[in-house]
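Enquirer: Please read through the structure below; I'll follow up with questions.
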Amino acid sequence: MKTIIKIPRHLLEQAQKDLLRPSKFSYERVGFFSTRRSKRKLGVLVHCIAYNPVNDDHYIIDPTVGVRIGPKAITAAMARAINDSVGQIHVHYHGGAGLPHPSTTDSHELPPLLKSLHNANYAQVHGWMVLGDQDAWSEILIPGESDTLIASPVSIIGFPTVVNHRAGSNTVLRKRQRSNARYNRQSFLGFESDRIISEVIVGVVGLGGGGSHIIQQLAHIGFKNFILCDPDRISKSNLNRLVGGTLADIRAKRLKVDIAERTIRRLHKDASVVKHAKKWEDVNQDLIECDLIIGCVDKFWIRRDLEAFCRRHMIPYLDLGMDVHKLLNEQYEIHGQVIISMPGEPCMKCMGFLTEKVLAEEASEYGAAGEKPQVVWSNGLLCSAAVGIVVDLITDWSKAFRNPVFLSFKGSELLLTLDKRLSYLPKSYCCHFPLNQIGDPLFMPL
Amino acid sequence: MSMELDQDQINDLKHYYSGLQAVEEGGQKFILIPQLVLPQGCSPQTVEGLLCPSLRDGYTSRLFLSAKVIHKGPGQNWNPADGVMIAGRKWWAVSWKPNNNSHFIGMIKAHLEAFK
């Protein structure tokens, strides 16, 4: 069973700040993450949705160990598990750059706590965790399993996003990868960038004018793990912009996912390409595996639903698109956008991009809007920006990418700028997708 | 932001439907009706219903069904045609704009007119 633990970055920072506070009662502090889960085909996603500090009067003074909490702290954790329908993960901080390790005392004293929490609510994931700066060691118990899981991969979701797949933890392998001349010209992305890029799983929904650009650039950079969705076959009117599409593909009525796979495999014979000639919602159990999803779709309601799916499973969602509008003076203008919707941060509704007005206008067309104008250069510009965001998000090469992104494109001026609506963003976290709604949907009896 | 579900209206709805549940997504609340009986002539006639009692896509309320039922009523435009994902499942709704009705029972009755 492959289980991945996901922690929103702001929650991780909140926990680290609390755990590093000086304590009168112990050498260190502890807390609890509340968790929810998403079921997958072969495992579980464990989402940390809240951090709960331990009250000062719930510690017990014991100079023989770093920290000891009393029954009140454990009772409070069990009460949260029952009352809030959540799991509880005991957490304390060891720090360090890599994967931290538990002490002998941790390994001896904390597993019994896990069993108490499991008894309080056996339907959720419980455990204990040692936090590092960018990773965490854990022992967790999944509902229905008898054995605990040790050191599951941990992803930190935010600006930047850290994906610890564990697959590349071999230092010899890392050195070999670093000496790979293929990526020498992008070595400024960081010592670990080749490994990070080659391990991240990217979902691309829509492989037309936008998606075909995206997968080509990602493959050049070294991305090797793709989950692709598009039910359509290439048509003649796609040839003005579908990168990699040929006249032979038109004759063969080739599926867009097959063209995309061919583009990737010409650069990486060993790439993992899971392709679906279906709508994304029909293959959502595969998309749940993605570390991030890029939506290149042409409907607002599809964006809305895709974003909701990504929020539910704590997957960063990157949306891009363009439209050509006829102005009052009979001239045309190209408008486009690149948006990153980060779980826990403002969503596309918060940013003013998805509004009831645009959704209502679209619904009134009954999907019969016909083929919309599209051109290759604006798609290319928007996709290049999107790929730049993806690379910065996971490698943190610029050390400057710390906030939500909403870029607007104006074709007549070839301008890609920060959208003004960003300055009106609420300072609080997203009210449309609160963290307590992450995980498989909770249908509450009325 | 989502509206709160009015408890009095929920209590009234319970007289007609059992096993009601609530789920929230994207700032909207939905009411799940596990056994929604559709008008005569619908196939299937019993489905799960998901009432969105607030403004969505230009409709003052929407009634989503767990299946794209075959029927001879006036509501023949499924919108979107291939259904939507809500709370991890696929749902279908016809394009139907009933008269404004702020009561949950009234909303459901008005939506069912589309299938008569």
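Each chain of the structure tokens is named A, B, ... in the order shown, its residues numbered from 1; ligands are numbered from 1 in display order.
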Just asking: which residues within segment 56-107 of chain A are strand (DSSP E) according to DSSP, as a VMD selection string?
Expert: chain A and resid 87 to 93
Enquirer: Only C-alpha atoms, please: the residues just picked out, written as an mmCIF file, in the first residue's frame.
Expert:
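Written file, out37.cif:
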data_model
loop_
_atom_site.group_PDB
_atom_site.id
_atom_site.type_symbol
_atom_site.label_atom_id
_atom_site.label_comp_id
_atom_site.auth_asym_id
_atom_site.auth_seq_id
_atom_site.Cartn_x
_atom_site.Cartn_y
_atom_site.Cartn_z
ATOM 1 C CA GLY A 87 -7.483 11.433 12.659
ATOM 2 C CA GLN A 88 -4.781 12.614 15.054
ATOM 3 C CA ILE A 89 -1.048 12.552 14.434
ATOM 4 C CA HIS A 90 1.196 13.327 17.389
ATOM 5 C CA VAL A 91 3.965 15.581 16.152
ATOM 6 C CA HIS A 92 7.247 16.948 17.480
ATOM 7 C CA TYR A 93 10.200 18.661 15.852
#
Enquirer: For segment 356-358 of chain A, work out the shell of residues within 9 Å, counting only C-alpha atoms and skipping chain neighbours fewer than 6 positions away, then give it as a ChimeraX atom specification.
Expert: /A:300,349 /B:55-58
Enquirer: Once you count only C-alpha atoms, what closest atom pair and distance in Å to one decimal does each residue of chain A within 10 Å of chain B have, with rows by chain and rising residue number, as CSV?
Expert:
residue,atom,partner,partner_atom,distance
A:Lys279,CA,B:Asp82,CA,9.4
A:Trp280,CA,B:Met85,CA,9.9
A:Glu281,CA,B:Met85,CA,6.7
A:Asp282,CA,B:Lys90,CA,8.7
A:Asn284,CA,B:Gly88,CA,8.7
A:Gln285,CA,B:Gly88,CA,9.9
A:Trp301,CA,B:Val84,CA,8.5
A:Ile302,CA,B:Val84,CA,8.1
A:Arg304,CA,B:Gly26,CA,8.3
A:Asp305,CA,B:Met85,CA,6.1
A:Leu306,CA,B:Met85,CA,8.4
A:Glu307,CA,B:Gly26,CA,8.9
A:Ala308,CA,B:Gly26,CA,6.3
A:Phe309,CA,B:Gly88,CA,7.2
A:Arg311,CA,B:Gly26,CA,9.0
A:Arg312,CA,B:Ala87,CA,8.5
A:Cys347,CA,B:Gly26,CA,9.2
A:Lys349,CA,B:Gly26,CA,8.7
A:Thr355,CA,B:Asp57,CA,9.2
A:Glu356,CA,B:Asp57,CA,6.1
A:Lys357,CA,B:Gly58,CA,7.3
A:Val358,CA,B:Asp57,CA,8.2
A:Leu359,CA,B:Asp57,CA,4.9
A:Ala360,CA,B:Asp57,CA,4.1
A:Glu361,CA,B:Gly58,CA,7.4
A:Glu362,CA,B:Asp57,CA,7.9
A:Ala363,CA,B:Asp57,CA,6.0
A:Ser364,CA,B:Gly58,CA,7.8
A:Glu365,CA,B:Asn79,CA,9.4
A:Tyr366,CA,B:Asn79,CA,6.0
A:Gly367,CA,B:Pro80,CA,7.0
A:Cys430,CA,B:Gly27,CA,9.6
A:Cys431,CA,B:Met1,CA,6.7
A:His432,CA,B:Gly27,CA,4.1
A:Phe433,CA,B:Gly26,CA,5.5
A:Pro434,CA,B:Gly27,CA,8.7
A:Gln437,CA,B:Glu25,CA,7.6
A:Ile438,CA,B:Glu25,CA,9.7
A:Gly439,CA,B:Gly88,CA,9.9
A:Asp440,CA,B:Gly88,CA,7.4
A:Pro441,CA,B:Ala87,CA,5.6
A:Leu442,CA,B:Val23,CA,6.2
A:Phe443,CA,B:Val23,CA,4.9
A:Met444,CA,B:Ala22,CA,5.1
A:Pro445,CA,B:Gln21,CA,4.3
A:Leu446,CA,B:Gln21,CA,5.1
Enquirer: If we count only C-alpha atoms, what is near Asp396 of chain A at a cut-off of 12 Å, once residues fewer than 4 positions away on the same chain are taken out, given as a list of chain:residue names?
Expert: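 Answer for this query is A:Gly158, A:Phe159, A:Pro160, A:Thr161, A:Val162, A:Val163, A:Phe188, A:Leu189, A:Gly190, A:Phe191, A:Glu192, A:Ser193, A:Ile196, A:Ile197, A:Gly388, A:Ile389, A:Val390, A:Val391, A:Asp392, A:Ala400, A:Phe401, A:Arg402.
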Enquirer: Hey, what does DSSP flag as alpha helix (DSSP H) within chain B? Can you give it to me as a list in words?
Expert: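 Answer for chain B, restricted to alpha helix (DSSP H): Gln7, Asp8, Gln9, Ile10, Asn11, Asp12, Leu13, Lys14, Phe104, Ile105, Gly106, Met107, Ile108, Lys109, Ala110, His111 and Leu112 of chain B.
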Enquirer: Interatomic distance between atom CA of Asp230 of chain A and atom CA of Glu289 of chain A?
Expert: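 Straight-line distance from atom CA of Asp230 of chain A to atom CA of Glu289 of chain A works out to 17.2 Å.
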Enquirer: Counting only C-alpha atoms, which residue out of A:Val405, A:Val283, A:Val125, A:Leu414 sits closest to Glu145 of chain A?
Expert: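 Comparing A:Val405, A:Val283, A:Val125, A:Leu414 against Glu145 of chain A, the winner is A:Val125.
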Enquirer: Extract, using only C-alpha atoms, all DNA, RNA and protein residues at most 10 Å from Asp286 of chain A, discarding same-chain residues fewer than 6 positions from it, and format them as a ChimeraX atom specification.
Expert: /A:40-41,203,227-228,274-276,280
Enquirer: Please save N, CA, C and O atoms of the selected residues as an mmCIF file, in the first residue's frame.
Expert:
data_model
loop_
_atom_site.group_PDB
_atom_site.id
_atom_site.type_symbol
_atom_site.label_atom_id
_atom_site.label_comp_id
_atom_site.auth_asym_id
_atom_site.auth_seq_id
_atom_site.Cartn_x
_atom_site.Cartn_y
_atom_site.Cartn_z
ATOM 1 N N ARG A 40 -7.555 5.843 -2.397
ATOM 2 C CA ARG A 40 -7.070 5.701 -3.767
ATOM 3 C C ARG A 40 -7.167 4.239 -4.154
ATOM 4 O O ARG A 40 -7.527 3.403 -3.328
ATOM 5 N N LYS A 41 -6.818 3.947 -5.406
ATOM 6 C CA LYS A 41 -6.888 2.551 -5.856
ATOM 7 C C LYS A 41 -6.002 1.666 -4.986
ATOM 8 O O LYS A 41 -6.384 0.579 -4.587
ATOM 9 N N GLY A 203 -0.324 15.876 -13.933
ATOM 10 C CA GLY A 203 -1.536 15.578 -14.687
ATOM 11 C C GLY A 203 -1.819 16.717 -15.643
ATOM 12 O O GLY A 203 -1.715 17.891 -15.257
ATOM 13 N N ILE A 227 0.160 11.932 -16.333
ATOM 14 C CA ILE A 227 -1.175 11.352 -16.459
ATOM 15 C C ILE A 227 -1.952 12.310 -17.362
ATOM 16 O O ILE A 227 -2.110 13.492 -17.029
ATOM 17 N N LEU A 228 -2.339 11.822 -18.523
ATOM 18 C CA LEU A 228 -2.902 12.687 -19.571
ATOM 19 C C LEU A 228 -4.369 12.343 -19.837
ATOM 20 O O LEU A 228 -4.721 11.169 -19.898
ATOM 21 N N VAL A 274 0.580 7.673 -18.391
ATOM 22 C CA VAL A 274 -0.746 7.061 -18.243
ATOM 23 C C VAL A 274 -1.694 7.942 -19.039
ATOM 24 O O VAL A 274 -1.854 9.124 -18.727
ATOM 25 N N LYS A 275 -2.277 7.393 -20.089
ATOM 26 C CA LYS A 275 -3.099 8.244 -20.967
ATOM 27 C C LYS A 275 -4.530 7.739 -20.983
ATOM 28 O O LYS A 275 -4.781 6.538 -20.978
ATOM 29 N N HIS A 276 -5.446 8.691 -21.022
ATOM 30 C CA HIS A 276 -6.859 8.350 -21.047
ATOM 31 C C HIS A 276 -7.555 9.180 -22.112
ATOM 32 O O HIS A 276 -7.558 10.410 -22.015
ATOM 33 N N TRP A 280 -11.913 13.975 -17.843
ATOM 34 C CA TRP A 280 -11.119 13.860 -16.630
ATOM 35 C C TRP A 280 -11.921 13.241 -15.485
ATOM 36 O O TRP A 280 -11.383 12.466 -14.690
#
Enquirer: Counting only C-alpha atoms, what is within 10 Å of Gly66 of chain A, bar same-chain residues fewer than 2 positions away, as a ChimeraX atom specification?
Expert: /A:25-29,61-64,68,105-106
Enquirer: Dump all heavy atoms for the selected residues as a short mmCIF file (atom, residue, chain, number, x, y, z; two decimals), in the first residue's frame?
Expert:
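Below is the file that was written, result.cif:
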data_model
loop_
_atom_site.label_atom_id
_atom_site.label_comp_id
_atom_site.auth_asym_id
_atom_site.auth_seq_id
_atom_site.Cartn_x
_atom_site.Cartn_y
_atom_site.Cartn_z
N PHE A 25 8.21 23.39 30.92
CA PHE A 25 7.87 22.07 31.46
C PHE A 25 8.66 20.94 30.81
O PHE A 25 8.61 19.81 31.27
CB PHE A 25 6.38 21.78 31.23
CG PHE A 25 5.54 23.01 31.18
CD1 PHE A 25 5.19 23.58 29.97
CD2 PHE A 25 5.15 23.64 32.36
CE1 PHE A 25 4.45 24.73 29.92
CE2 PHE A 25 4.40 24.80 32.31
CZ PHE A 25 4.05 25.36 31.10
N SER A 26 9.37 21.24 29.73
CA SER A 26 10.03 20.17 28.99
C SER A 26 11.12 20.77 28.11
O SER A 26 11.21 21.99 27.96
CB SER A 26 9.01 19.44 28.12
OG SER A 26 8.35 20.38 27.30
N TYR A 27 11.92 19.88 27.50
CA TYR A 27 12.98 20.36 26.60
C TYR A 27 12.42 20.69 25.22
O TYR A 27 13.03 21.40 24.45
CB TYR A 27 14.06 19.28 26.46
CG TYR A 27 14.78 19.00 27.76
CD1 TYR A 27 14.59 17.79 28.42
CD2 TYR A 27 15.62 19.95 28.34
CE1 TYR A 27 15.23 17.53 29.62
CE2 TYR A 27 16.27 19.70 29.54
CZ TYR A 27 16.07 18.49 30.17
OH TYR A 27 16.69 18.24 31.35
N GLU A 28 11.30 20.10 24.90
CA GLU A 28 10.68 20.35 23.59
C GLU A 28 9.17 20.35 23.76
O GLU A 28 8.64 20.06 24.83
CB GLU A 28 11.13 19.29 22.58
CG GLU A 28 10.87 17.87 23.03
CD GLU A 28 11.45 16.83 22.09
OE1 GLU A 28 11.66 17.14 20.91
OE2 GLU A 28 11.67 15.69 22.55
N ARG A 29 8.48 20.69 22.69
CA ARG A 29 7.02 20.71 22.72
C ARG A 29 6.46 19.67 21.75
O ARG A 29 7.16 19.22 20.84
CB ARG A 29 6.49 22.09 22.33
CG ARG A 29 6.61 23.12 23.42
CD ARG A 29 6.04 24.45 22.98
NE ARG A 29 6.17 25.44 24.03
CZ ARG A 29 5.23 25.68 24.94
NH1 ARG A 29 4.09 25.00 24.91
NH2 ARG A 29 5.41 26.60 25.87
N ILE A 61 6.04 17.37 33.97
CA ILE A 61 7.48 17.57 34.12
C ILE A 61 8.15 16.22 34.37
O ILE A 61 7.81 15.51 35.32
CB ILE A 61 7.78 18.56 35.28
CG1 ILE A 61 7.20 19.93 34.92
CG2 ILE A 61 9.28 18.64 35.55
CD1 ILE A 61 7.30 20.96 36.03
N ASP A 62 9.08 15.85 33.46
CA ASP A 62 9.80 14.58 33.58
C ASP A 62 11.20 14.79 32.99
O ASP A 62 11.38 14.74 31.77
CB ASP A 62 9.06 13.48 32.84
CG ASP A 62 9.75 12.12 32.98
OD1 ASP A 62 10.90 12.09 33.46
OD2 ASP A 62 9.13 11.11 32.59
N PRO A 63 12.20 15.04 33.83
CA PRO A 63 13.55 15.35 33.32
C PRO A 63 14.23 14.18 32.63
O PRO A 63 15.26 14.35 31.97
CB PRO A 63 14.33 15.76 34.58
CG PRO A 63 13.49 15.37 35.75
CD PRO A 63 12.12 15.10 35.30
N THR A 64 13.66 12.97 32.69
CA THR A 64 14.31 11.81 32.06
C THR A 64 14.04 11.74 30.55
O THR A 64 14.69 10.98 29.84
CB THR A 64 13.82 10.48 32.69
OG1 THR A 64 12.43 10.32 32.40
CG2 THR A 64 14.06 10.48 34.20
N ARG A 68 7.02 15.09 27.99
CA ARG A 68 5.99 14.11 28.33
C ARG A 68 4.66 14.86 28.48
O ARG A 68 4.60 15.90 29.12
CB ARG A 68 6.32 13.39 29.65
CG ARG A 68 5.36 12.21 29.92
CD ARG A 68 5.76 11.42 31.16
NE ARG A 68 7.04 10.76 31.07
CZ ARG A 68 7.28 9.66 30.34
NH1 ARG A 68 6.31 9.12 29.62
NH2 ARG A 68 8.48 9.12 30.32
N THR A 105 13.50 6.70 22.49
CA THR A 105 12.35 6.97 23.37
C THR A 105 11.07 7.14 22.55
O THR A 105 10.01 6.61 22.90
CB THR A 105 12.60 8.25 24.20
OG1 THR A 105 13.85 8.14 24.84
CG2 THR A 105 11.51 8.45 25.24
N ASP A 106 11.18 7.88 21.44
CA ASP A 106 10.02 8.05 20.56
C ASP A 106 9.48 6.69 20.13
O ASP A 106 8.27 6.42 20.23
CB ASP A 106 10.40 8.83 19.28
CG ASP A 106 10.80 10.27 19.55
OD1 ASP A 106 10.37 10.81 20.58
OD2 ASP A 106 11.54 10.83 18.72
#
Enquirer: Excluding segment 209-213 of chain A and residues on its chain fewer than 4 positions from it, collect all residues at most 10 Å away from it, counting only C-alpha atoms, and give them as a PyMOL selection string.
Expert: chain A and resi 204-205+217-218+228-230+238-245+256-257+259-261+263+294-298+320-322+374-384+387
Enquirer: May I ask which of the residues A:Gly352, A:Asn403, A:Leu328, A:Ile221 is the closest one to Ile340 of chain A, counting only C-alpha atoms?
Expert: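 Comparing A:Gly352, A:Asn403, A:Leu328, A:Ile221 against Ile340 of chain A, the winner is A:Asn403.
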